[in-house]
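Quick notes on the structure that follows.
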There are 2 protein chains.
Amino acid sequence: MDFQPDIIDLGMGNPDFDLLPIELLRRSAEVYFATADRRSLQYGVEQGDGYFRKALAEFLVGVYGFIVDPDLLFITSGASSALDLLCSLYTHPGETIFVEEPSYFLALRIFEDHGLQVLPIPMDGDGLIIEVLEERLQEVHPRFIYTIPVFQNPSGRTLSEARRVELVDLAKQHDFLILADEVYQFLPYGRKPPDPLAKYSEKVEQVISINSFSKILAPGLRLGWIQAHKQVINRLSGSGLLESGGGMSPFTSAQILGLIQSGQLHANIINLQKEYATRLGIMDSALHEKIPQAEYEKPQGGFFFWVHFPGLEAKALRPIVNRYKVDFREGGLFSSEGGLQDFMRLSFCFYNQEGILTGIDRLATCLKDRSQS
Amino acid sequence: MDFQPDIIDLGMGNPDFDLLPIELLRRSAEVYFATADRRSLQYGVEQGDGYFRKALAEFLVGVYGFIVDPDLLFITSGASSALDLLCSLYTHPGETIFVEEPSYFLALRIFEDHGLQVLPIPMDGDGLIIEVLEERLQEVHPRFIYTIPVFQNPSGRTLSEARRVELVDLAKQHDFLILADEVYQFLPYGRKPPDPLAKYSEKVEQVISINSFSKILAPGLRLGWIQAHKQVINRLSGSGLLESGGGMSPFTSAQILGLIQSGQLHANIINLQKEYATRLGIMDSALHEKIPQAEYEKPQGGFFFWVHFPGLEAKALRPIVNRYKVDFREGGLFSSEGGLQDFMRLSFCFYNQEGILTGIDRLATCLKDRSQS
């Protein structure tokens, strides 16, 4: 590894440096530069380059198994920028939005910058609890619900097929947007997850699917896409930001085009799945063996274990944990109501086998010393 | 040219395709990939890579002639995204901002998306008229003033040295931000312009300088920077968007690093200055000869002629102008009070000598036919 900090931070949400495919990107860039096509250096089409959207749509068809129209894809500079842009265009400060409890803590920061009031909706093993959502909708009209419907960050949970249908129905009935952050859709390590909410977006204007190359290629590219209804795509493309700056990633998307067309993106994902599945198994065994009091649903995809320690306040470990040269993300970060203090998010993707084993070992010692002190 | 439309659109604000330095970028990318440094593929430092900021600061010192602290630079994905982010973080819908009259019409679109009330402040040959600004400040407190203080788009005008001092003093006194869009600072074709407003930003928290590689390298990179006070840099770096997505352009900035360090960015700018100066002269002569009724101040830098046609309503040419296979940007677009109908913005940068001559020829014929009809 070219990143070897002293502390093993099992809280990291990043991919492993060793799995960032620089050689693939180098070869893809070489192909791009060989064409010497200067279009990609000019202000680009607002929606994103047509060839790129076509290649991306074909890739998505291969994974999703349903038709994806390139005209309903909008190229972004990553999921965070997509969320930010959607907040700018579709919300006003003071408006209410719904999020899952727990939810991705840095998305919550984006909503805060836009002055939005965040109301949490609880989840169970099948994801967002629709009955509770329905109840809340009687009292409050949210501008949107932000959901990570597959291998959620941090809980690892996936919204069931049946609930997806109910959620979309509610969105139509009550006219709120569903901002579906589907970045983990491509990283199942067992059974295929339900079809992404993207599937509904062509027909249902309320469904907006946000996606990214960060988890399947490299975060540094700052490249992603939105799949949505034509009305939404037009609103995004016609925004001041896009009309002024042109497409969000002409140069980067041009460099990635060859890599998608040649099937190497697909191959990279297969490689990631294999590697991450192994790491998941290793962390699962290590937790069982070293930290038997840890309670969790074994994740079926994505990046994270969401671990419950009954009776522990994870934040209370903060002053001592670094002494053990290990770290984690406290559950409280993922709560929009000050709860989840007895949870930790642990990633099985950033460190290799050795790193995971050492990390869990250190965490176990830390917890043991703490419980004896 | 690899872009040969039927119509010569003298309204274009883009650089010429032929002047987009793909070969420079190819070599710079090659140097980058040879290092195989995966840091640039990871979520990046929020403020932008430190090596990149250091190289950029050294480049800026060379042009500006004063010290630029890399810690006061923040890497963006272009001037439009910088403006958008600043609006998200520093304004609320309904607040008032000031702009120059005329101003860059697509910036106005960004302000509109953020629900801002735009009040125009007139300009004269020395730029923004400070007396009028002072008067307005008695009645209204703007959140910021958006100014293009050098070789303005569209007027070509430059804010005088004395007025810069007055503007900064007013911003301090009345506590409003100056968003200075200084993208044309590097493109003078005669005398060096006054120091950029960036110079004040280290000491004065109200001054935020926005800049970009779009005009000096290539728009498709979607790469730019903000130079500002440490407080502003911290606010930007600590925003939800940045904390979630990391630095805005790790991959692209890594590819450009070598090009800046080796002095090739500087060389590219010298080349652009030479070429654009020639084109400026050609358009100037052609206007004199073919459209003698055109009134304008000859630009000293930037991209544009801002041409006054007394008695003409530029919009009225719209239905017929395409018949002459030529186009322009109507003055009205640049007004936030429905004025400037008798102006046109013409660019001397997008077309080469032949294109400019043919374009002005066609425009002359169109105007002549119109006046006789």
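Residue names in the structure tokens use chain letters A, B, ... in the order shown, residue numbers from 1 in each chain, and ligand numbers from 1 in the order shown.
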Contacts between chain B and chain A, please, where a residue of chain A counts if it comes within 7 Å (with only C-alpha atoms); show its shortest atom pair and distance in Å to one decimal, rows by chain and ascending number, as JSON lines.
```
{"residue": "A:Phe17", "atom": "CA", "partner": "B:Arg38", "partner_atom": "CA", "distance": 6.4}
{"residue": "A:Leu20", "atom": "CA", "partner": "B:Leu41", "partner_atom": "CA", "distance": 6.6}
{"residue": "A:Ile22", "atom": "CA", "partner": "B:Ala36", "partner_atom": "CA", "distance": 6.5}
{"residue": "A:Arg26", "atom": "CA", "partner": "B:Phe33", "partner_atom": "CA", "distance": 6.0}
{"residue": "A:Phe33", "atom": "CA", "partner": "B:Arg26", "partner_atom": "CA", "distance": 6.0}
{"residue": "A:Ala36", "atom": "CA", "partner": "B:Ile22", "partner_atom": "CA", "distance": 6.6}
{"residue": "A:Arg38", "atom": "CA", "partner": "B:Phe17", "partner_atom": "CA", "distance": 6.4}
{"residue": "A:Ser40", "atom": "CA", "partner": "B:Gly220", "partner_atom": "CA", "distance": 5.6}
{"residue": "A:Leu41", "atom": "CA", "partner": "B:Gly220", "partner_atom": "CA", "distance": 3.9}
{"residue": "A:Gln42", "atom": "CA", "partner": "B:Gly220", "partner_atom": "CA", "distance": 4.7}
{"residue": "A:Tyr43", "atom": "CA", "partner": "B:Gly220", "partner_atom": "CA", "distance": 5.2}
{"residue": "A:Gly44", "atom": "CA", "partner": "B:Gly220", "partner_atom": "CA", "distance": 6.4}
{"residue": "A:Ser80", "atom": "CA", "partner": "B:Gly245", "partner_atom": "CA", "distance": 5.4}
{"residue": "A:Ser81", "atom": "CA", "partner": "B:Leu241", "partner_atom": "CA", "distance": 6.5}
{"residue": "A:Asp84", "atom": "CA", "partner": "B:Leu241", "partner_atom": "CA", "distance": 6.6}
{"residue": "A:Ser88", "atom": "CA", "partner": "B:His114", "partner_atom": "CA", "distance": 6.8}
{"residue": "A:Leu89", "atom": "CA", "partner": "B:Asp113", "partner_atom": "CA", "distance": 6.5}
{"residue": "A:Leu106", "atom": "CA", "partner": "B:Ser244", "partner_atom": "CA", "distance": 5.0}
{"residue": "A:Ala107", "atom": "CA", "partner": "B:Ser244", "partner_atom": "CA", "distance": 6.7}
{"residue": "A:Arg109", "atom": "CA", "partner": "B:Gly240", "partner_atom": "CA", "distance": 4.4}
{"residue": "A:Ile110", "atom": "CA", "partner": "B:Gly240", "partner_atom": "CA", "distance": 4.1}
{"residue": "A:Asp113", "atom": "CA", "partner": "B:Gly240", "partner_atom": "CA", "distance": 6.5}
{"residue": "A:His114", "atom": "CA", "partner": "B:Ser88", "partner_atom": "CA", "distance": 6.8}
{"residue": "A:Ala218", "atom": "CA", "partner": "B:Leu41", "partner_atom": "CA", "distance": 5.3}
{"residue": "A:Pro219", "atom": "CA", "partner": "B:Gln42", "partner_atom": "CA", "distance": 5.1}
{"residue": "A:Gly220", "atom": "CA", "partner": "B:Leu41", "partner_atom": "CA", "distance": 3.9}
{"residue": "A:Leu221", "atom": "CA", "partner": "B:Phe251", "partner_atom": "CA", "distance": 5.3}
{"residue": "A:Arg222", "atom": "CA", "partner": "B:Ser249", "partner_atom": "CA", "distance": 6.6}
{"residue": "A:Ser239", "atom": "CA", "partner": "B:Asp113", "partner_atom": "CA", "distance": 7.0}
{"residue": "A:Gly240", "atom": "CA", "partner": "B:Ile110", "partner_atom": "CA", "distance": 4.1}
{"residue": "A:Leu241", "atom": "CA", "partner": "B:Ile110", "partner_atom": "CA", "distance": 5.6}
{"residue": "A:Glu243", "atom": "CA", "partner": "B:Leu106", "partner_atom": "CA", "distance": 6.6}
{"residue": "A:Ser244", "atom": "CA", "partner": "B:Leu106", "partner_atom": "CA", "distance": 5.0}
{"residue": "A:Gly245", "atom": "CA", "partner": "B:Ser80", "partner_atom": "CA", "distance": 5.4}
{"residue": "A:Met248", "atom": "CA", "partner": "B:Arg222", "partner_atom": "CA", "distance": 6.9}
{"residue": "A:Ser249", "atom": "CA", "partner": "B:Arg222", "partner_atom": "CA", "distance": 6.6}
{"residue": "A:Pro250", "atom": "CA", "partner": "B:Gly220", "partner_atom": "CA", "distance": 5.1}
{"residue": "A:Phe251", "atom": "CA", "partner": "B:Leu221", "partner_atom": "CA", "distance": 5.3}
```
Tell me which protein, DNA and RNA residues are within 12 Å of Leu167 in chain A, counting only C-alpha atoms, leaving out same-chain ones fewer than 2 positions away, and put them as a ChimeraX atom specification.
-> /A:127-134,137,144-147,149,159-165,169-180,197,200,204,206-207
Taking C-alpha atoms for each residue, export the selection above as a compact mmCIF listing (two decimals), in the first residue's frame.
```
# COMPACT_ATOMS: atom_id res chain seq x y z
CA GLY A 127 -34.92 -0.52 4.65
CA LEU A 128 -37.04 2.56 5.15
CA ILE A 129 -40.23 1.76 7.10
CA ILE A 130 -43.00 2.79 4.77
CA GLU A 131 -45.74 2.84 7.41
CA VAL A 132 -43.86 5.48 9.38
CA LEU A 133 -43.22 7.44 6.20
CA GLU A 134 -46.95 7.38 5.47
CA LEU A 137 -46.71 12.45 5.29
CA PHE A 144 -37.79 15.33 -1.09
CA ILE A 145 -36.72 12.17 0.66
CA TYR A 146 -33.05 11.32 0.47
CA THR A 147 -32.54 7.57 0.43
CA PRO A 149 -31.85 2.25 -1.15
CA LEU A 159 -34.94 -1.43 0.49
CA SER A 160 -37.12 -4.40 -0.44
CA GLU A 161 -38.78 -4.73 -3.82
CA ALA A 162 -42.27 -4.32 -2.33
CA ARG A 163 -41.32 -1.19 -0.41
CA ARG A 164 -39.80 0.35 -3.52
CA VAL A 165 -43.18 0.15 -5.22
CA ASP A 169 -46.50 5.39 -5.16
CA LEU A 170 -46.30 7.67 -2.15
CA ALA A 171 -44.00 10.06 -3.99
CA LYS A 172 -46.52 10.33 -6.81
CA GLN A 173 -49.49 10.70 -4.47
CA HIS A 174 -47.89 13.32 -2.24
CA ASP A 175 -45.69 14.84 -4.93
CA PHE A 176 -42.32 14.80 -3.25
CA LEU A 177 -39.03 13.90 -4.93
CA ILE A 178 -37.09 10.72 -4.21
CA LEU A 179 -33.37 11.44 -4.37
CA ALA A 180 -32.04 7.90 -4.58
CA LEU A 197 -35.07 3.10 -8.29
CA TYR A 200 -38.96 4.19 -12.31
CA VAL A 204 -42.16 8.97 -12.76
CA GLN A 206 -40.47 12.33 -8.82
CA VAL A 207 -37.73 9.67 -8.96
```
For range 324-331 of chain B, work out the shell of residues within 10 Å, counting only C-alpha atoms and skipping chain neighbours fewer than 3 positions away, then give it as a compact mmCIF listing (two decimals) with N, CA, C and O atoms, in the first residue's frame.
```txt
# COMPACT_ATOMS: atom_id res chain seq x y z
N PRO B 5 -18.98 25.43 -38.73
CA PRO B 5 -20.41 25.54 -38.97
C PRO B 5 -20.65 26.48 -40.14
O PRO B 5 -19.79 27.26 -40.52
N ASP B 6 -21.82 26.36 -40.64
CA ASP B 6 -22.25 27.16 -41.77
C ASP B 6 -22.31 28.64 -41.37
O ASP B 6 -21.94 29.52 -42.13
N ILE B 7 -22.78 28.86 -40.17
CA ILE B 7 -22.96 30.22 -39.67
C ILE B 7 -21.74 30.68 -38.90
O ILE B 7 -21.21 29.93 -38.07
N ILE B 8 -21.27 31.87 -39.15
CA ILE B 8 -20.18 32.43 -38.35
C ILE B 8 -20.81 33.19 -37.19
O ILE B 8 -21.39 34.26 -37.36
N ASP B 9 -20.70 32.59 -36.02
CA ASP B 9 -21.34 33.17 -34.84
C ASP B 9 -20.34 34.03 -34.08
O ASP B 9 -19.60 33.54 -33.22
N LEU B 10 -20.33 35.31 -34.39
CA LEU B 10 -19.38 36.22 -33.74
C LEU B 10 -19.76 36.48 -32.29
O LEU B 10 -19.03 37.15 -31.57
N GLY B 11 -20.87 35.90 -31.86
CA GLY B 11 -21.27 36.07 -30.46
C GLY B 11 -20.60 35.09 -29.50
O GLY B 11 -20.65 35.29 -28.30
N MET B 12 -19.98 34.06 -30.05
CA MET B 12 -19.37 33.00 -29.23
C MET B 12 -18.43 33.54 -28.16
O MET B 12 -17.59 34.39 -28.42
N GLY B 13 -18.54 32.97 -26.94
CA GLY B 13 -17.61 33.33 -25.87
C GLY B 13 -16.54 32.26 -25.67
O GLY B 13 -15.75 32.35 -24.73
N PRO B 102 -23.45 46.77 -18.36
CA PRO B 102 -23.84 45.38 -18.60
C PRO B 102 -23.04 44.39 -17.75
O PRO B 102 -22.01 44.75 -17.20
N SER B 103 -23.53 43.14 -17.70
CA SER B 103 -22.77 42.08 -17.04
C SER B 103 -22.91 40.78 -17.83
O SER B 103 -23.71 40.67 -18.75
N PHE B 105 -24.11 37.55 -19.00
CA PHE B 105 -25.52 37.13 -18.89
C PHE B 105 -25.71 35.77 -18.24
O PHE B 105 -26.73 35.51 -17.62
N PRO B 154 -19.46 41.91 -21.12
CA PRO B 154 -19.12 42.09 -22.52
C PRO B 154 -18.37 43.39 -22.86
O PRO B 154 -17.91 43.53 -23.99
N SER B 155 -18.27 44.35 -21.96
CA SER B 155 -17.88 45.71 -22.37
C SER B 155 -16.40 45.87 -22.70
O SER B 155 -16.01 46.88 -23.29
N TRP B 306 -17.58 45.45 -27.73
CA TRP B 306 -18.93 45.81 -27.27
C TRP B 306 -19.35 46.98 -28.13
O TRP B 306 -18.87 48.09 -27.96
N VAL B 307 -20.22 46.72 -29.08
CA VAL B 307 -20.44 47.67 -30.17
C VAL B 307 -21.81 48.32 -30.07
O VAL B 307 -22.83 47.64 -29.94
N HIS B 308 -21.80 49.63 -30.14
CA HIS B 308 -23.04 50.41 -30.05
C HIS B 308 -23.47 50.81 -31.45
O HIS B 308 -22.67 51.31 -32.23
N GLU B 313 -32.18 48.37 -33.04
CA GLU B 313 -32.54 47.43 -31.99
C GLU B 313 -31.98 46.07 -32.43
O GLU B 313 -32.49 45.47 -33.37
N ALA B 314 -30.93 45.63 -31.73
CA ALA B 314 -30.21 44.44 -32.18
C ALA B 314 -31.14 43.24 -32.31
O ALA B 314 -31.02 42.43 -33.23
N LYS B 315 -32.11 43.16 -31.41
CA LYS B 315 -33.03 42.02 -31.41
C LYS B 315 -33.84 41.96 -32.71
O LYS B 315 -34.21 40.88 -33.16
N ALA B 316 -34.06 43.13 -33.29
CA ALA B 316 -34.87 43.17 -34.51
C ALA B 316 -34.17 42.47 -35.68
O ALA B 316 -34.81 42.09 -36.67
N LEU B 317 -32.84 42.29 -35.56
CA LEU B 317 -32.12 41.60 -36.62
C LEU B 317 -32.29 40.08 -36.53
O LEU B 317 -32.01 39.36 -37.48
N ARG B 318 -32.72 39.63 -35.37
CA ARG B 318 -32.81 38.18 -35.10
C ARG B 318 -33.46 37.37 -36.23
O ARG B 318 -32.88 36.39 -36.69
N ILE B 320 -33.70 37.89 -39.33
CA ILE B 320 -33.07 37.92 -40.66
C ILE B 320 -31.58 37.55 -40.64
O ILE B 320 -31.03 37.12 -41.63
N VAL B 321 -30.95 37.66 -39.44
CA VAL B 321 -29.49 37.57 -39.42
C VAL B 321 -28.98 36.22 -39.91
O VAL B 321 -27.95 36.13 -40.60
N PHE B 334 -27.28 41.21 -21.77
CA PHE B 334 -26.32 41.57 -20.74
C PHE B 334 -26.87 42.61 -19.77
O PHE B 334 -26.17 43.10 -18.90
N SER B 335 -28.14 42.96 -19.97
CA SER B 335 -28.76 43.97 -19.12
C SER B 335 -29.66 43.32 -18.09
O SER B 335 -30.39 42.38 -18.39
N GLY B 338 -33.41 45.40 -18.75
CA GLY B 338 -34.08 45.46 -20.05
C GLY B 338 -33.54 46.51 -21.00
O GLY B 338 -34.18 46.87 -21.98
N GLY B 339 -32.31 46.99 -20.75
CA GLY B 339 -31.72 48.01 -21.61
C GLY B 339 -30.73 47.42 -22.61
O GLY B 339 -30.74 46.23 -22.90
N LEU B 340 -29.88 48.31 -23.14
CA LEU B 340 -28.75 47.92 -23.99
C LEU B 340 -29.17 47.22 -25.29
O LEU B 340 -28.41 46.43 -25.85
N GLN B 341 -30.38 47.53 -25.75
CA GLN B 341 -30.91 46.89 -26.95
C GLN B 341 -30.13 47.29 -28.21
O GLN B 341 -30.19 46.60 -29.21
N ASP B 342 -29.43 48.44 -28.14
CA ASP B 342 -28.71 48.90 -29.33
C ASP B 342 -27.22 48.53 -29.27
O ASP B 342 -26.38 49.18 -29.88
N PHE B 343 -26.92 47.48 -28.51
CA PHE B 343 -25.54 46.98 -28.44
C PHE B 343 -25.45 45.56 -28.98
O PHE B 343 -26.44 44.83 -29.00
N MET B 344 -24.24 45.19 -29.41
CA MET B 344 -23.92 43.81 -29.76
C MET B 344 -22.60 43.44 -29.11
O MET B 344 -21.69 44.26 -29.06
N ARG B 345 -22.50 42.19 -28.67
CA ARG B 345 -21.19 41.67 -28.26
C ARG B 345 -20.64 40.84 -29.40
O ARG B 345 -21.30 39.93 -29.90
N LEU B 346 -19.43 41.18 -29.83
CA LEU B 346 -18.75 40.42 -30.88
C LEU B 346 -17.43 39.90 -30.32
O LEU B 346 -16.67 40.65 -29.70
N SER B 347 -17.16 38.63 -30.54
CA SER B 347 -15.89 38.07 -30.06
C SER B 347 -14.86 38.05 -31.20
O SER B 347 -15.18 37.70 -32.33
N THR B 358 -14.79 37.32 -42.93
CA THR B 358 -16.04 36.89 -43.56
C THR B 358 -17.24 37.26 -42.68
O THR B 358 -18.27 37.73 -43.17
N GLY B 359 -17.09 37.04 -41.37
CA GLY B 359 -18.18 37.33 -40.43
C GLY B 359 -18.57 38.80 -40.45
O GLY B 359 -19.75 39.15 -40.54
N ILE B 360 -17.59 39.68 -40.37
CA ILE B 360 -17.88 41.12 -40.36
C ILE B 360 -18.47 41.55 -41.70
O ILE B 360 -19.39 42.38 -41.76
N ASP B 361 -17.97 40.96 -42.76
CA ASP B 361 -18.50 41.21 -44.10
C ASP B 361 -19.99 40.88 -44.15
O ASP B 361 -20.81 41.69 -44.63
N ARG B 362 -20.34 39.71 -43.65
CA ARG B 362 -21.74 39.27 -43.67
C ARG B 362 -22.60 40.17 -42.77
O ARG B 362 -23.72 40.53 -43.14
N LEU B 363 -22.05 40.51 -41.62
CA LEU B 363 -22.80 41.37 -40.70
C LEU B 363 -23.04 42.74 -41.35
O LEU B 363 -24.13 43.31 -41.24
N ALA B 364 -22.01 43.24 -42.03
CA ALA B 364 -22.13 44.54 -42.71
C ALA B 364 -23.26 44.49 -43.75
O ALA B 364 -24.09 45.40 -43.84
N THR B 365 -23.28 43.42 -44.53
CA THR B 365 -24.32 43.28 -45.55
C THR B 365 -25.70 43.22 -44.91
O THR B 365 -26.65 43.86 -45.37
N CYS B 366 -25.80 42.45 -43.86
CA CYS B 366 -27.07 42.32 -43.14
C CYS B 366 -27.57 43.68 -42.66
O CYS B 366 -28.73 44.04 -42.85
N LEU B 367 -26.65 44.44 -42.03
CA LEU B 367 -27.03 45.75 -41.49
C LEU B 367 -27.43 46.71 -42.60
O LEU B 367 -28.37 47.50 -42.47
```
Report as number ranges by chain: the residues of range 114-217 of chain B with a DSSP assignment of strand (DSSP E or B), based on the backbone of this structure.
-> B: 117-124, 127-128, 144-147, 177-181, 188, 207-212
If you run DSSP on this backbone, which residues of range 54-209 of chain A come out as helix (DSSP H, G or I), and could you give them as a PyMOL selection string?
-> chain A and resi 54-64+70-72+79-90+105-113+130-139+161-174+198-201
Per-residue nearest contacts range 112-134 of chain B to range 297-304 of chain B, cut-off 12 Å, using only C-alpha atoms, as CSV:
```
residue,atom,partner,partner_atom,distance
B:Asp124,CA,B:Glu297,CA,10.8
B:Gly125,CA,B:Glu297,CA,8.3
B:Asp126,CA,B:Glu297,CA,11.4
```
For N, CA, C and O atoms, I'd like the residues from the last selection saved as a PDB file, in the first residue's frame.
```
ATOM      1  N   ASP B 124     -18.690  53.246 -16.682  1.00  0.00           N
ATOM      2  CA  ASP B 124     -18.207  54.119 -17.747  1.00  0.00           C
ATOM      3  C   ASP B 124     -16.860  53.568 -18.199  1.00  0.00           C
ATOM      4  O   ASP B 124     -16.534  52.412 -17.902  1.00  0.00           O
ATOM      5  N   GLY B 125     -16.089  54.368 -18.892  1.00  0.00           N
ATOM      6  CA  GLY B 125     -14.822  53.892 -19.441  1.00  0.00           C
ATOM      7  C   GLY B 125     -13.849  53.375 -18.385  1.00  0.00           C
ATOM      8  O   GLY B 125     -12.960  52.580 -18.692  1.00  0.00           O
ATOM      9  N   ASP B 126     -14.004  53.807 -17.148  1.00  0.00           N
ATOM     10  CA  ASP B 126     -13.142  53.333 -16.061  1.00  0.00           C
ATOM     11  C   ASP B 126     -13.785  52.219 -15.243  1.00  0.00           C
ATOM     12  O   ASP B 126     -13.369  51.931 -14.114  1.00  0.00           O
TER      13      ASP B 126
END
```
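Taking only C-alpha atoms into account, Thr158 in chain A lies nearest to A:Asp195 out of the set A:Glu205, A:Asp195, A:Val140, A:Glu135.
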One decimal place gives the CA of Pro70 in chain A-CA of Phe151 in chain A separation as 25.6 Å
If you measure from CA of Phe74 in chain B to CA of Arg53 in chain B, what distance in Å do you get, rounded to one decimal?
-> 7.7 Å
Which residues, written as a PyMOL selection string, have at least one atom at most 10 Å from Thr278 in chain A, with only C-alpha atoms counted and residues fewer than 3 positions away on the same chain left out?
-> chain A and resi 189+272-275+281-284+348-349+352-353
From the set B:Gln372, B:Gln293, B:Gln185, B:Gln152, which residue has the shortest atom-to-atom contact distance to Ile216 in chain B, counting only C-alpha atoms?
->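 Checking each of B:Gln372, B:Gln293, B:Gln185, B:Gln152 against Ile216 in chain B, counting only C-alpha atoms, the winner is B:Gln185.
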What's the 9 Å shell around Asp69 in chain A, counting only C-alpha atoms, without same-chain residues fewer than 4 positions away, as an MDAnalysis selection string?
-> chainID A and resid 53:54 57:58 73 202 227
Once you have the residues from the selection above, write them out as a PDB file, in the first residue's frame, restricted to C-alpha atoms.
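part-v3.pdb, written as the output of this step:
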```
ATOM      1  CA  ARG A  53     -23.914   8.998 -22.299  1.00  0.00           C
ATOM      2  CA  LYS A  54     -24.464   6.313 -24.936  1.00  0.00           C
ATOM      3  CA  ALA A  57     -26.294   3.695 -20.961  1.00  0.00           C
ATOM      4  CA  GLU A  58     -25.048   0.491 -22.600  1.00  0.00           C
ATOM      5  CA  LEU A  73     -28.716  10.555 -18.253  1.00  0.00           C
ATOM      6  CA  GLU A 202     -38.361   7.418 -17.018  1.00  0.00           C
ATOM      7  CA  GLN A 227     -30.768   9.221 -14.278  1.00  0.00           C
TER       8      GLN A 227
END
```
